[in-house]
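Structure file structure_28.pdb (PDB, C-alpha atoms and all ligand atoms) follows.
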```
ATOM      1  CA  MET A   1      15.441  -6.518 -13.511
ATOM      2  CA  CYS A   2      12.242  -8.402 -14.207
ATOM      3  CA  VAL A   3      10.294  -9.701 -11.220
ATOM      4  CA  SER A   4       7.497 -12.051 -12.181
ATOM      5  CA  GLY A   5       5.545 -11.942  -8.934
ATOM      6  CA  ILE A   6       5.581 -12.587  -5.204
ATOM      7  CA  SER A   7       5.037 -15.695  -3.093
ATOM      8  CA  SER A   8       3.743 -16.028   0.434
ATOM      9  CA  GLY A   9       2.926 -19.371   1.993
ATOM     10  CA  LYS A  10       1.162 -21.379  -0.689
ATOM     11  CA  ARG A  11       0.104 -18.313  -2.640
ATOM     12  CA  PHE A  12       1.684 -16.772  -5.710
ATOM     13  CA  LEU A  13       0.729 -13.410  -7.146
ATOM     14  CA  SER A  14       1.840 -12.699 -10.695
ATOM     15  CA  PHE A  15       2.911  -9.207 -11.747
ATOM     16  CA  GLU A  16       2.340 -10.005 -15.412
ATOM     17  CA  ARG A  17      -0.702  -7.772 -15.084
ATOM     18  CA  PRO A  18      -0.981  -4.873 -12.621
ATOM     19  CA  VAL A  19      -2.351  -5.929  -9.246
ATOM     20  CA  ILE A  20      -5.102  -4.053  -7.403
ATOM     21  CA  MET A  21      -4.810  -3.853  -3.620
ATOM     22  CA  GLY A  22      -8.106  -2.818  -2.006
ATOM     23  CA  ILE A  23      -7.953  -0.622   1.104
ATOM     24  CA  LEU A  24      -9.777  -1.906   4.170
ATOM     25  CA  ASN A  25      -9.662   0.636   6.976
ATOM     26  CA  VAL A  26     -10.479  -0.712  10.389
ATOM     27  CA  THR A  27      -9.885   2.591  12.158
ATOM     28  CA  PRO A  28     -12.751   4.353  13.895
ATOM     29  CA  ASP A  29     -11.478   7.740  12.710
ATOM     30  CA  SER A  30     -10.556   7.004   9.108
ATOM     31  CA  PHE A  31     -11.355  10.251   7.341
ATOM     32  CA  SER A  32     -11.657   9.003   3.811
ATOM     33  CA  ASP A  33     -14.537   6.588   4.336
ATOM     34  CA  GLY A  34     -15.707   7.576   7.791
ATOM     35  CA  GLY A  35     -14.385   4.417   9.429
ATOM     36  CA  LEU A  36     -17.455   2.588   8.208
ATOM     37  CA  TRP A  37     -15.737  -0.786   8.304
ATOM     38  CA  ARG A  38     -14.650  -0.915  11.905
ATOM     39  CA  ASP A  39     -17.198  -3.547  12.750
ATOM     40  CA  CYS A  40     -15.774  -6.941  11.808
ATOM     41  CA  SER A  41     -18.633  -8.228   9.683
ATOM     42  CA  LYS A  42     -18.962  -4.959   7.799
ATOM     43  CA  ALA A  43     -15.237  -5.076   7.179
ATOM     44  CA  TYR A  44     -15.514  -8.626   5.914
ATOM     45  CA  ASP A  45     -18.385  -7.695   3.573
ATOM     46  CA  HIS A  46     -16.365  -4.824   2.166
ATOM     47  CA  ALA A  47     -13.385  -7.118   1.588
ATOM     48  CA  ALA A  48     -15.624  -9.643  -0.189
ATOM     49  CA  ARG A  49     -16.992  -6.878  -2.378
ATOM     50  CA  MET A  50     -13.524  -5.590  -3.279
ATOM     51  CA  LEU A  51     -12.493  -9.151  -4.171
ATOM     52  CA  GLU A  52     -15.524  -9.489  -6.472
ATOM     53  CA  GLU A  53     -14.655  -6.162  -8.055
ATOM     54  CA  GLY A  54     -11.143  -7.294  -8.916
ATOM     55  CA  ALA A  55      -8.839  -6.763  -5.930
ATOM     56  CA  ARG A  56      -6.131  -9.410  -5.578
ATOM     57  CA  ILE A  57      -4.895  -8.131  -2.203
ATOM     58  CA  ILE A  58      -6.894  -6.731   0.713
ATOM     59  CA  ASP A  59      -4.874  -4.242   2.779
ATOM     60  CA  VAL A  60      -6.084  -4.251   6.370
ATOM     61  CA  GLY A  61      -5.068  -1.184   8.392
ATOM     62  CA  GLY A  62      -5.820  -0.320  12.005
ATOM     63  CA  GLU A  63      -3.517   2.646  12.565
ATOM     64  CA  SER A  64      -4.708   6.052  11.429
ATOM     65  CA  THR A  65      -1.766   7.823   9.800
ATOM     66  CA  ARG A  66      -3.688  10.964   8.985
ATOM     67  CA  PRO A  67      -1.658  14.034   9.999
ATOM     68  CA  GLY A  68      -2.416  14.844  13.629
ATOM     69  CA  ALA A  69      -4.254  11.596  14.369
ATOM     70  CA  SER A  70      -3.821  10.228  17.871
ATOM     71  CA  ASP A  71      -1.561   7.247  18.442
ATOM     72  CA  VAL A  72      -3.165   3.835  18.607
ATOM     73  CA  SER A  73      -1.954   1.442  21.302
ATOM     74  CA  GLU A  74      -0.667  -1.949  20.223
ATOM     75  CA  ASP A  75      -3.545  -3.703  22.000
ATOM     76  CA  GLU A  76      -6.073  -1.510  20.222
ATOM     77  CA  GLU A  77      -4.406  -2.113  16.860
ATOM     78  CA  MET A  78      -4.432  -5.891  17.484
ATOM     79  CA  ASP A  79      -8.121  -5.783  18.466
ATOM     80  CA  ARG A  80      -8.983  -3.935  15.263
ATOM     81  CA  VAL A  81      -6.864  -5.905  12.819
ATOM     82  CA  ILE A  82      -6.594  -9.535  13.918
ATOM     83  CA  PRO A  83     -10.297 -10.580  13.894
ATOM     84  CA  VAL A  84     -10.724  -9.091  10.422
ATOM     85  CA  VAL A  85      -7.591 -10.799   9.062
ATOM     86  CA  GLU A  86      -8.706 -14.113  10.549
ATOM     87  CA  ARG A  87     -12.171 -13.909   9.021
ATOM     88  CA  ILE A  88     -10.962 -12.902   5.562
ATOM     89  CA  ALA A  89      -8.247 -15.587   5.576
ATOM     90  CA  LYS A  90     -10.741 -18.308   6.492
ATOM     91  CA  LYS A  91     -13.372 -17.367   3.941
ATOM     92  CA  LEU A  92     -11.933 -15.492   0.968
ATOM     93  CA  ASP A  93      -9.531 -16.570  -1.761
ATOM     94  CA  VAL A  94      -7.404 -13.431  -1.642
ATOM     95  CA  MET A  95      -4.024 -12.277  -0.398
ATOM     96  CA  ILE A  96      -4.045 -10.174   2.764
ATOM     97  CA  SER A  97      -1.589  -7.406   3.536
ATOM     98  CA  VAL A  98      -1.507  -5.639   6.869
ATOM     99  CA  ASP A  99      -0.764  -1.915   7.088
ATOM    100  CA  THR A 100       1.211  -1.873  10.333
ATOM    101  CA  SER A 101       4.683  -0.991  11.580
ATOM    102  CA  ARG A 102       4.581  -3.187  14.670
ATOM    103  CA  PRO A 103       6.464  -6.516  14.619
ATOM    104  CA  ASP A 104       4.043  -8.133  17.098
ATOM    105  CA  VAL A 105       0.986  -7.076  15.087
ATOM    106  CA  ILE A 106       2.297  -8.508  11.810
ATOM    107  CA  THR A 107       3.476 -11.676  13.573
ATOM    108  CA  LYS A 108       0.000 -12.273  15.026
ATOM    109  CA  ALA A 109      -1.600 -11.343  11.700
ATOM    110  CA  VAL A 110       0.555 -13.893   9.853
ATOM    111  CA  GLU A 111      -0.376 -16.540  12.432
ATOM    112  CA  ASN A 112      -3.978 -15.745  11.526
ATOM    113  CA  GLY A 113      -3.523 -15.928   7.767
ATOM    114  CA  ALA A 114      -1.972 -12.645   6.528
ATOM    115  CA  HIS A 115       0.497 -12.810   3.610
ATOM    116  CA  ILE A 116       2.185  -9.431   3.148
ATOM    117  CA  TRP A 117       3.675  -6.795   5.482
ATOM    118  CA  ASN A 118       2.806  -3.262   4.358
ATOM    119  CA  ASP A 119       4.992  -0.925   6.459
ATOM    120  CA  ILE A 120       4.783   2.841   6.010
ATOM    121  CA  ARG A 121       7.840   3.089   8.308
ATOM    122  CA  ALA A 122       9.902   0.753   6.112
ATOM    123  CA  LEU A 123      10.936  -1.582   8.981
ATOM    124  CA  ARG A 124      12.380   1.205  11.158
ATOM    125  CA  LEU A 125      10.701   0.231  14.436
ATOM    126  CA  GLU A 126      12.742  -1.863  16.847
ATOM    127  CA  GLY A 127      12.764  -5.538  15.893
ATOM    128  CA  ALA A 128      11.072  -4.951  12.530
ATOM    129  CA  LEU A 129      13.977  -6.015  10.290
ATOM    130  CA  GLU A 130      14.501  -9.238  12.219
ATOM    131  CA  THR A 131      10.778  -9.983  12.186
ATOM    132  CA  ALA A 132      10.544  -9.475   8.424
ATOM    133  CA  ALA A 133      13.459 -11.872   7.908
ATOM    134  CA  ARG A 134      11.939 -14.457  10.233
ATOM    135  CA  LEU A 135       8.436 -14.303   8.730
ATOM    136  CA  ASP A 136       9.870 -14.598   5.214
ATOM    137  CA  ILE A 137       6.908 -12.860   3.563
ATOM    138  CA  PRO A 138       6.784  -9.993   1.036
ATOM    139  CA  VAL A 139       7.317  -6.568   2.633
ATOM    140  CA  ILE A 140       6.353  -3.172   1.274
ATOM    141  CA  LEU A 141       8.932  -0.524   2.168
ATOM    142  CA  MET A 142       7.457   2.994   1.973
ATOM    143  CA  HIS A 143       9.184   6.365   1.996
ATOM    144  CA  MET A 144       8.078   8.937   4.538
ATOM    145  CA  GLN A 145       9.762  12.199   5.550
ATOM    146  CA  GLY A 146       9.245  12.818   9.266
ATOM    147  CA  LYS A 147       6.524  11.214  11.363
ATOM    148  CA  PRO A 148       2.793  10.955  10.645
ATOM    149  CA  ARG A 149       1.792  13.536  13.239
ATOM    150  CA  THR A 150       3.986  16.321  11.855
ATOM    151  CA  MET A 151       5.054  15.213   8.388
ATOM    152  CA  GLN A 152       2.930  17.747   6.492
ATOM    153  CA  VAL A 153       4.113  20.761   8.524
ATOM    154  CA  ALA A 154       7.013  21.786   6.260
ATOM    155  CA  PRO A 155       8.142  19.034   3.900
ATOM    156  CA  HIS A 156      11.406  19.890   2.185
ATOM    157  CA  TYR A 157      13.629  18.255  -0.423
ATOM    158  CA  SER A 158      16.418  19.485  -2.659
ATOM    159  CA  ASP A 159      15.760  16.600  -5.088
ATOM    160  CA  VAL A 160      12.716  14.608  -4.060
ATOM    161  CA  VAL A 161      13.133  11.831  -6.627
ATOM    162  CA  LYS A 162      16.762  11.206  -5.661
ATOM    163  CA  GLU A 163      16.082  11.401  -1.927
ATOM    164  CA  VAL A 164      13.146   8.999  -2.096
ATOM    165  CA  GLY A 165      15.174   6.629  -4.308
ATOM    166  CA  ASP A 166      18.195   6.741  -1.975
ATOM    167  CA  PHE A 167      15.973   6.102   1.041
ATOM    168  CA  LEU A 168      14.241   3.119  -0.569
ATOM    169  CA  THR A 169      17.578   1.643  -1.666
ATOM    170  CA  ALA A 170      19.006   2.106   1.840
ATOM    171  CA  ARG A 171      15.989   0.427   3.456
ATOM    172  CA  ALA A 172      16.060  -2.436   0.961
ATOM    173  CA  ASP A 173      19.807  -2.877   1.657
ATOM    174  CA  ALA A 174      19.149  -2.872   5.413
ATOM    175  CA  ALA A 175      16.406  -5.457   4.987
ATOM    176  CA  ILE A 176      18.619  -7.705   2.868
ATOM    177  CA  ALA A 177      21.486  -7.334   5.356
ATOM    178  CA  ALA A 178      19.072  -8.466   8.100
ATOM    179  CA  GLY A 179      18.172 -11.579   6.122
ATOM    180  CA  VAL A 180      15.117 -10.511   4.103
ATOM    181  CA  ARG A 181      15.186 -12.147   0.687
ATOM    182  CA  ARG A 182      15.488  -9.677  -2.214
ATOM    183  CA  GLU A 183      12.478 -11.341  -3.895
ATOM    184  CA  ASN A 184      10.343 -10.304  -0.927
ATOM    185  CA  ILE A 185      10.945  -6.563  -1.290
ATOM    186  CA  ILE A 186       8.429  -4.114  -2.780
ATOM    187  CA  VAL A 187       9.002  -0.353  -2.719
ATOM    188  CA  ASP A 188       6.582   2.571  -2.498
ATOM    189  CA  PRO A 189       7.316   6.331  -2.863
ATOM    190  CA  GLY A 190       4.778   7.144  -0.141
ATOM    191  CA  PHE A 191       2.604   9.727  -1.842
ATOM    192  CA  GLY A 192       1.413  12.276   0.723
ATOM    193  CA  PHE A 193       3.805  11.249   3.476
ATOM    194  CA  GLY A 194       5.830  14.401   4.180
ATOM    195  CA  LYS A 195       5.476  15.786   0.653
ATOM    196  CA  SER A 196       3.976  18.893  -0.915
ATOM    197  CA  ALA A 197       1.615  18.488  -3.865
ATOM    198  CA  ARG A 198       4.492  19.508  -6.140
ATOM    199  CA  ASP A 199       6.800  16.888  -4.564
ATOM    200  CA  ASN A 200       4.124  14.246  -5.104
ATOM    201  CA  PHE A 201       3.644  15.139  -8.762
ATOM    202  CA  ARG A 202       7.392  15.241  -9.338
ATOM    203  CA  LEU A 203       7.557  11.704  -7.953
ATOM    204  CA  LEU A 204       4.700  10.639 -10.200
ATOM    205  CA  ASP A 205       6.396  12.207 -13.206
ATOM    206  CA  HIS A 206       9.651  10.331 -12.457
ATOM    207  CA  LEU A 207       8.132   7.112 -11.163
ATOM    208  CA  GLN A 208      10.038   5.155 -13.825
ATOM    209  CA  ASP A 209      13.313   6.171 -12.087
ATOM    210  CA  LEU A 210      12.098   4.495  -8.898
ATOM    211  CA  VAL A 211      10.935   1.450 -10.855
ATOM    212  CA  GLY A 212      14.534   1.388 -12.093
ATOM    213  CA  LEU A 213      15.780   0.667  -8.555
ATOM    214  CA  GLY A 214      14.979  -2.945  -9.417
ATOM    215  CA  TYR A 215      12.131  -3.756  -7.040
ATOM    216  CA  PRO A 216       8.429  -4.092  -7.811
ATOM    217  CA  LEU A 217       6.785  -0.731  -7.101
ATOM    218  CA  LEU A 218       3.462   0.007  -5.408
ATOM    219  CA  SER A 219       1.687   3.303  -6.133
ATOM    220  CA  ALA A 220      -0.794   4.488  -3.519
ATOM    221  CA  LEU A 221      -2.334   7.874  -4.195
ATOM    222  CA  SER A 222      -5.999   6.927  -3.790
ATOM    223  CA  ARG A 223      -8.143   9.963  -2.854
ATOM    224  CA  LYS A 224      -5.079  11.773  -1.458
ATOM    225  CA  SER A 225      -4.854  15.536  -1.136
ATOM    226  CA  MET A 226      -2.406  15.855  -4.066
ATOM    227  CA  LEU A 227      -5.455  15.022  -6.217
ATOM    228  CA  GLY A 228      -7.455  17.722  -4.468
ATOM    229  CA  ALA A 229      -4.625  20.148  -5.251
ATOM    230  CA  ALA A 230      -4.736  19.167  -8.925
ATOM    231  CA  THR A 231      -8.529  19.174  -9.348
ATOM    232  CA  GLY A 232      -9.946  21.457  -6.685
ATOM    233  CA  ILE A 233     -12.077  18.583  -5.379
ATOM    234  CA  GLN A 234     -12.212  19.087  -1.613
ATOM    235  CA  LYS A 235     -14.058  15.971  -0.550
ATOM    236  CA  ALA A 236     -11.768  12.921  -0.524
ATOM    237  CA  SER A 237     -14.538  10.461  -1.469
ATOM    238  CA  ASP A 238     -15.224  12.521  -4.618
ATOM    239  CA  ARG A 239     -11.662  12.007  -5.905
ATOM    240  CA  VAL A 240     -12.454   8.734  -7.665
ATOM    241  CA  ILE A 241     -11.724   9.675 -11.270
ATOM    242  CA  SER A 242      -8.559  11.551 -10.318
ATOM    243  CA  SER A 243      -7.407   8.522  -8.312
ATOM    244  CA  VAL A 244      -7.982   6.242 -11.287
ATOM    245  CA  ALA A 245      -6.079   8.683 -13.504
ATOM    246  CA  GLY A 246      -3.134   8.782 -11.094
ATOM    247  CA  HIS A 247      -2.980   5.019 -10.786
ATOM    248  CA  LEU A 248      -3.204   4.522 -14.541
ATOM    249  CA  ILE A 249      -0.322   6.963 -15.020
ATOM    250  CA  SER A 250       1.604   4.998 -12.364
ATOM    251  CA  VAL A 251       1.058   1.681 -14.120
ATOM    252  CA  MET A 252       2.102   3.175 -17.448
ATOM    253  CA  LYS A 253       5.338   4.236 -15.757
ATOM    254  CA  GLY A 254       5.954   0.708 -14.473
ATOM    255  CA  ALA A 255       4.141   0.353 -11.124
ATOM    256  CA  VAL A 256       2.986  -3.251 -10.653
ATOM    257  CA  MET A 257       0.636  -2.670  -7.730
ATOM    258  CA  VAL A 258      -1.900   0.049  -6.927
ATOM    259  CA  ARG A 259      -3.500   0.553  -3.503
ATOM    260  CA  VAL A 260      -7.020   1.868  -3.962
ATOM    261  CA  HIS A 261     -10.358   2.596  -2.304
ATOM    262  CA  ASP A 262     -12.311   2.333  -5.567
ATOM    263  CA  VAL A 263     -11.618  -1.131  -6.890
ATOM    264  CA  ALA A 264     -14.293  -1.442  -9.601
ATOM    265  CA  GLN A 265     -13.409   1.872 -11.219
ATOM    266  CA  THR A 266      -9.687   1.088 -11.107
ATOM    267  CA  LYS A 267     -10.314  -2.352 -12.602
ATOM    268  CA  GLU A 268     -12.264  -0.792 -15.477
ATOM    269  CA  ALA A 269      -9.354   1.498 -16.328
ATOM    270  CA  LEU A 270      -6.767  -1.280 -15.983
ATOM    271  CA  ASP A 271      -8.857  -3.541 -18.241
ATOM    272  CA  VAL A 272      -8.145  -1.056 -21.026
ATOM    273  CA  TYR A 273      -4.429  -1.057 -20.158
ATOM    274  CA  ASN A 274      -4.428  -4.877 -20.065
ATOM    275  CA  ALA A 275      -6.169  -5.152 -23.454
ATOM    276  CA  MET A 276      -3.439  -2.953 -24.873
ATOM    277  CA  THR A 277      -0.529  -4.923 -23.405
ATOM    278  CA  ASP A 278      -2.228  -8.259 -24.248
ATOM    279  CA  SER A 279      -2.294  -7.202 -27.901
ATOM    280  CA  ARG A 280       1.519  -7.334 -27.829
ATOM    281  CA  ARG A 281       1.448 -10.983 -26.794
ATOM    282  CA  ARG A 282      -1.357 -12.582 -28.803
ATOM    283  CA  ALA A 283      -2.251 -12.300 -32.464
TER     284      ALA A 283
HETATM  285  C1  LIG A 301       0.723   4.448   1.092
HETATM  286  O1  LIG A 301       0.833   5.472   0.418
HETATM  287  N1  LIG A 301      -1.047   5.193   2.747
HETATM  288  S1  LIG A 301      -2.757   5.179   4.884
HETATM  289  C2  LIG A 301      -4.812  10.460   2.937
HETATM  290  C3  LIG A 301      -5.896  10.512   2.085
HETATM  291  C4  LIG A 301      -6.412   9.345   1.538
HETATM  292  C5  LIG A 301      -5.836   8.141   1.862
HETATM  293  C6  LIG A 301      -7.770  11.923   1.837
HETATM  294  N2  LIG A 301      -1.072   3.323   3.906
HETATM  295  C7  LIG A 301      -0.165   4.338   2.190
HETATM  296  O2  LIG A 301      -4.463   5.785   2.515
HETATM  297  N3  LIG A 301       0.569   2.094   2.601
HETATM  298  C8  LIG A 301      -1.582   4.558   3.786
HETATM  299  O3  LIG A 301      -6.396  11.734   1.770
HETATM  300  C9  LIG A 301      -0.190   3.163   2.906
HETATM  301  N4  LIG A 301       1.480   3.346   0.809
HETATM  302  C10 LIG A 301       1.395   2.211   1.554
HETATM  303  N5  LIG A 301       2.180   1.185   1.207
HETATM  304  C11 LIG A 301      -3.160   6.785   4.208
HETATM  305  C12 LIG A 301      -4.160   6.795   3.108
HETATM  306  C13 LIG A 301      -4.766   8.089   2.754
HETATM  307  C14 LIG A 301      -4.267   9.247   3.282
END
```

What does the file become when written as structure tokens?
Amino acid sequence: MCVSGISSGKRFLSFERPVIMGILNVTPDSFSDGGLWRDCSKAYDHAARMLEEGARIIDVGGESTRPGASDVSEDEEMDRVIPVVERIAKKLDVMISVDTSRPDVITKAVENGAHIWNDIRALRLEGALETAARLDIPVILMHMQGKPRTMQVAPHYSDVVKEVGDFLTARADAAIAAGVRRENIIVDPGFGFGKSARDNFRLLDHLQDLVGLGYPLLSALSRKSMLGAATGIQKASDRVISSVAGHLISVMKGAVMVRVHDVAQTKEALDVYNAMTDSRRRA
């Protein structure tokens, strides 16, 4: 199946070239960038910078999903996310996704200008399927084994690629049954969510099988510990080159979106990929 892009409101995003989604953490305890962007104007400035560097989507997230992180109340998540979404939507020409599992948070975010629902729980919270159908916006369905707090305790699979593929198909089927349009579904293997380093690299190696499910695929391994396992680099913010490598591999296996901290460096690598694929089209 060939999906040309996604639409939300008046916006269209083409998948003819790989799309960079820039990560905007609005958590006070985000461990990868120290939660530097909690303050609304700092967050806005970072979004503007990622847009300049080549991001086509800004992913705003107010829930820390780091293993062992404390739960964030819905009010707290709203307070973190909504002002930032509103400001970006008013001022920047960019699509906005919101990294949330809560139907009321995405509803409010969409009222304030958000375009895409990025749900690490793949619409499994109560009311989520119905809300996705009602909002009629693109939704990212991610695989996770277990729950954020405990998912890295003892991840286990007999065939990780098959299990992740079956899960994503089942969630896409559930979404469609609830009234979500097929064109609005994006899938994501969920690197690092209840997976050992070996599981993660097996998924990366077989990413084309998941692309074969027939939905656009997002790869999100930016700065994650699987890269530390491969390189020995302990500090997450030092995993820039390994992140770029992992995302480039993903795109070469058919991913159409990459979720990254380091937009400029990712753009530089994808420019090379794009020059190569463009050479197939033009003389
Ligand atoms: C994802 O995979 N992940 S939040 C651990 C790290 C670095 C980064 C240092 N939201 C995903 O970004 N949404 C998050 O190690 C996501 N897919 C989608 N769709 C975790 C994160 C991170 C975790």

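Residues in contact with ligand LIG 301 (chain A) (atom pairs separated by at most 7 Å; only C-alpha atoms and all ligand atoms) are A:Phe31, A:Ser32, A:Ser64, A:Thr65, A:Arg66, A:Asp99, A:Asn118, A:Asp119, A:Ile120, A:Ile140, A:Met142, A:Asp188, A:Gly190, A:Phe191, A:Gly192, A:Leu218, A:Ser219, A:Ala220, A:Leu221, A:Ser222, A:Arg223, A:Lys224, A:Ser225, A:Ala236.
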
Mind dumping the selected residues with C-alpha atoms as a short mmCIF file (atom, residue, chain, number, x, y, z; two decimals), in the coordinates of the input?
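Everything below was put into part.cif:
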```cif
data_model
loop_
_atom_site.label_atom_id
_atom_site.label_comp_id
_atom_site.auth_asym_id
_atom_site.auth_seq_id
_atom_site.Cartn_x
_atom_site.Cartn_y
_atom_site.Cartn_z
CA PHE A 31 -11.36 10.25 7.34
CA SER A 32 -11.66 9.00 3.81
CA SER A 64 -4.71 6.05 11.43
CA THR A 65 -1.77 7.82 9.80
CA ARG A 66 -3.69 10.96 8.98
CA ASP A 99 -0.76 -1.92 7.09
CA ASN A 118 2.81 -3.26 4.36
CA ASP A 119 4.99 -0.92 6.46
CA ILE A 120 4.78 2.84 6.01
CA ILE A 140 6.35 -3.17 1.27
CA MET A 142 7.46 2.99 1.97
CA ASP A 188 6.58 2.57 -2.50
CA GLY A 190 4.78 7.14 -0.14
CA PHE A 191 2.60 9.73 -1.84
CA GLY A 192 1.41 12.28 0.72
CA LEU A 218 3.46 0.01 -5.41
CA SER A 219 1.69 3.30 -6.13
CA ALA A 220 -0.79 4.49 -3.52
CA LEU A 221 -2.33 7.87 -4.20
CA SER A 222 -6.00 6.93 -3.79
CA ARG A 223 -8.14 9.96 -2.85
CA LYS A 224 -5.08 11.77 -1.46
CA SER A 225 -4.85 15.54 -1.14
CA ALA A 236 -11.77 12.92 -0.52
#
```

ask   = So which residues touch A:Glu86 within 7 Å, counting all atoms listed in the file, skipping near sequence neighbours fewer than 4 positions away, as a ChimeraX atom specification?
value = /A:82,90,112-113

request  = Return the single residue from A:Ala264, A:Leu92, A:Val256, A:Leu207 that is closest to A:Ser4, with distances computed using all atoms listed in the file.
outcome  = A:Val256

inquiry  = Translate the PyMOL selection byres (((chain A and resi 211) around 12) and not hetatm) into a concrete residue list for this structure, as a PyMOL selection string.
reply    = chain A and resi 1-3+161+164-165+168-169+186-189+203-210+212-219+250-257

ask   = Any idea what the distance is between atom CA of A:Ile57 and atom CA of A:Met95?
value = 4.6 Å

What are the centre and the three edge lengths of an axis-aligned box that wraps all atoms of stretch 163-168 of chain A in the file, given that 5 Å is added to every side, written as lines of an AutoDock Vina configuration file and rounded to one decimal in Å?
```
center_x = 15.7
center_y = 7.3
center_z = -1.6
size_x = 15.0
size_y = 18.3
size_z = 15.3
```

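Compared by their closest atoms to A:Gly54, and using all atoms listed in the file, the residues A:Asp199, A:Glu268, A:Asp104, A:Asp278 rank with A:Glu268 nearest.
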
query = Smallest atom-to-atom distance to A:Ser14: which of A:Arg171, A:His247, A:Arg56, A:His46, using only C-alpha atoms?
reply =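 Smallest distance to A:Ser14 is found for A:Arg56.
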
Quick one: residues within 10 Å of stretch 271-277 of chain A, all atoms listed in the file counted, chain neighbours fewer than 2 positions away excluded, as a compact mmCIF listing (two decimals) with C-alpha atoms, in the coordinates of the input?
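To be explicit, this is the file written out as result-v2.txt:
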```
# COMPACT_ATOMS: atom_id res chain seq x y z
CA GLU A 16 2.34 -10.01 -15.41
CA ARG A 17 -0.70 -7.77 -15.08
CA PRO A 18 -0.98 -4.87 -12.62
CA LEU A 248 -3.20 4.52 -14.54
CA VAL A 251 1.06 1.68 -14.12
CA MET A 252 2.10 3.18 -17.45
CA GLN A 265 -13.41 1.87 -11.22
CA THR A 266 -9.69 1.09 -11.11
CA LYS A 267 -10.31 -2.35 -12.60
CA GLU A 268 -12.26 -0.79 -15.48
CA ALA A 269 -9.35 1.50 -16.33
CA SER A 279 -2.29 -7.20 -27.90
CA ARG A 280 1.52 -7.33 -27.83
CA ARG A 281 1.45 -10.98 -26.79
CA ARG A 282 -1.36 -12.58 -28.80
```

query = Just how far from atom CA of A:Gly194 is atom CA of A:His156, in Å to one decimal?
reply =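 Between these atoms lies a distance of 8.1 Å.
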
task = Could you tell me how far atom CA of A:Ala197 lies from atom CA of A:Leu227, in Å and to one decimal?
result =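 If I compute the distance from atom CA of A:Ala197 to atom CA of A:Leu227, I get 8.2 Å.
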
query = At most 12 Å from (22.0, -5.1, 10.4), file frame, only C-alpha atoms: which residues, as an MDAnalysis selection string?
reply = chainID A and resid 123:124 126:130 133 170:180

task = Point out the residue among A:Arg182, A:Lys108, A:Arg259, A:Arg202 with the least atom-to-atom distance to A:Asp79, counting all atoms listed in the file.
result = A:Lys108

inquiry  = What would the selection look like, as JSON, numbers by chain, if the PyMOL selection byres (((chain A and resi 96) around 8) and not hetatm) were run on the coordinates I just shared?
reply    = {"A": [57, 58, 59, 60, 85, 88, 89, 94, 95, 97, 98, 113, 114, 115, 116]}
